[in-house]
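Asker: Provided herewith is a single structure, encoded as structure tokens, for subsequent inquiry.
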Amino acid sequence: MQLPPFQTLVDRHAAELHRFLVALVGIPDADDCLQETLMAALRTYPGLTDASNLRAWLFTIAQRKATDAVRRSRRRPTVALDGHDSPVDPHDMTDEALWRAVRGLPPRQRAAVVHRFVFDLAYRQIGERLGCTEVAARRSVHDGLASLRRVVDR
């Protein structure tokens, strides 16, 4: 199977990848993650031997770049208020607070929740993108939602 020109792949998937990354890492870091994703993809693209699911391949790279970004952000020192960390206030659960809670999930749960509720994908499709079974995708979404409920119910 012949690979399409890389620009065609970018044109077809960049907007959706960007939305995915915004959900995973937030607006400030999404552009950088998208750029890192596309650069990594471009470096390995000529050597690909299987072009059957290039979209899933791109999302796998994007998920890994998002995980790296979240790990980097966790290494940065946080500012404590009055000697206490600032947890999400469930009574003031703004969209940004909810997305902060989503970004705090483990990588697989975070990606599964975003695929399910941002892209409205079926569990089979989520499994394909995450490289796991439909059952494992369903479990990742379930576990991610359970963690988010604990944050909201605080």
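Residues are named by chain letter and number: chains run A, B, ... in the order of the structure tokens, numbers start at 1 in each chain, and ligands are numbered from 1 in the order shown.
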Excluding stretch 117-126 of chain A and its own-chain neighbours fewer than 2 positions away, which residues fall within 8 Å of it when counting only C-alpha atoms? Please give them as a ChimeraX atom specification.
Answerer: /A:20,23,112-115,128-130,133-135,137-138
Asker: List the neighbours of A:Leu34 out to 12 Å using only C-alpha atoms; skip same-chain residues closer than 2 positions along the sequence, and give me the result as a short mmCIF file (atom, residue, chain, number, x, y, z; two decimals) with C-alpha atoms, in the first residue's frame.
Answerer:
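Now in around03.cif:
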```
data_model
loop_
_atom_site.label_atom_id
_atom_site.label_comp_id
_atom_site.auth_asym_id
_atom_site.auth_seq_id
_atom_site.Cartn_x
_atom_site.Cartn_y
_atom_site.Cartn_z
CA VAL A 10 -2.01 16.66 7.82
CA HIS A 13 -6.47 15.10 10.44
CA ALA A 14 -4.82 18.21 11.92
CA ALA A 15 -8.02 19.92 13.07
CA GLU A 16 -9.31 16.81 14.84
CA LEU A 17 -5.89 16.14 16.37
CA HIS A 18 -5.81 19.70 17.67
CA ARG A 19 -9.24 19.33 19.31
CA PHE A 20 -8.06 16.09 20.90
CA LEU A 21 -4.94 17.77 22.24
CA VAL A 22 -6.86 20.78 23.57
CA LEU A 24 -5.94 16.50 26.86
CA VAL A 25 -3.50 19.30 27.67
CA GLY A 26 -5.45 22.55 27.45
CA ILE A 27 -5.36 25.40 25.01
CA PRO A 28 -1.93 26.80 25.96
CA ASP A 29 -0.06 23.53 25.27
CA ALA A 30 -2.16 22.08 22.44
CA ASP A 31 -0.39 23.96 19.63
CA ASP A 32 3.02 22.80 20.83
CA GLU A 36 5.55 17.88 18.16
CA THR A 37 3.09 15.24 16.95
CA LEU A 38 3.40 16.25 13.32
CA MET A 39 7.19 16.54 13.51
CA ALA A 40 7.47 13.06 15.04
CA ALA A 41 5.10 11.69 12.42
CA LEU A 58 -1.36 9.88 14.37
CA PHE A 59 -3.62 9.76 17.43
CA ILE A 61 1.62 9.83 18.59
CA ALA A 62 -0.57 12.73 19.77
CA GLN A 63 -1.55 10.85 22.92
CA ARG A 64 2.11 10.19 23.75
CA LYS A 65 3.04 13.83 23.16
CA ALA A 66 0.15 14.91 25.40
CA ALA A 69 3.39 17.52 28.18
#
```
Asker: Pull the helix (DSSP H, G or I) assignments for chain A out of DSSP run on the backbone, and list those residues as number ranges by chain.
Answerer: A: 6-25, 27-47, 54-75, 90-92, 95-103, 107-117, 123-130, 134-152
Asker: For a quick check of understanding, using only C-alpha atoms, which of A:Ser147, A:Arg12, A:Gly131, A:Arg116 has the smallest distance to A:Arg103?
Answerer: A:Ser147
Asker: If you measure from atom CA of A:Val70 to atom CA of A:Gly104, what distance in Å do you get, rounded to one decimal?
Answerer: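 Spanning atom CA of A:Val70 to atom CA of A:Gly104 is a straight-line distance of 8.2 Å.
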Asker: From the set A:Cys132, A:Leu145, A:Ala56, A:Cys33, which residue has the shortest atom-to-atom contact distance to A:Ala101, counting only C-alpha atoms?
Answerer: A:Leu145
Asker: Ranking A:Leu42, A:Arg150, A:Gly144, A:Arg108 by minimum distance to A:Thr67 and counting only C-alpha atoms, which one comes first?
Answerer: A:Arg108
Asker: What is the atom CA of A:Ala111-atom CA of A:Gln7 distance in Å, reported with one decimal?
Answerer: 25.2 Å
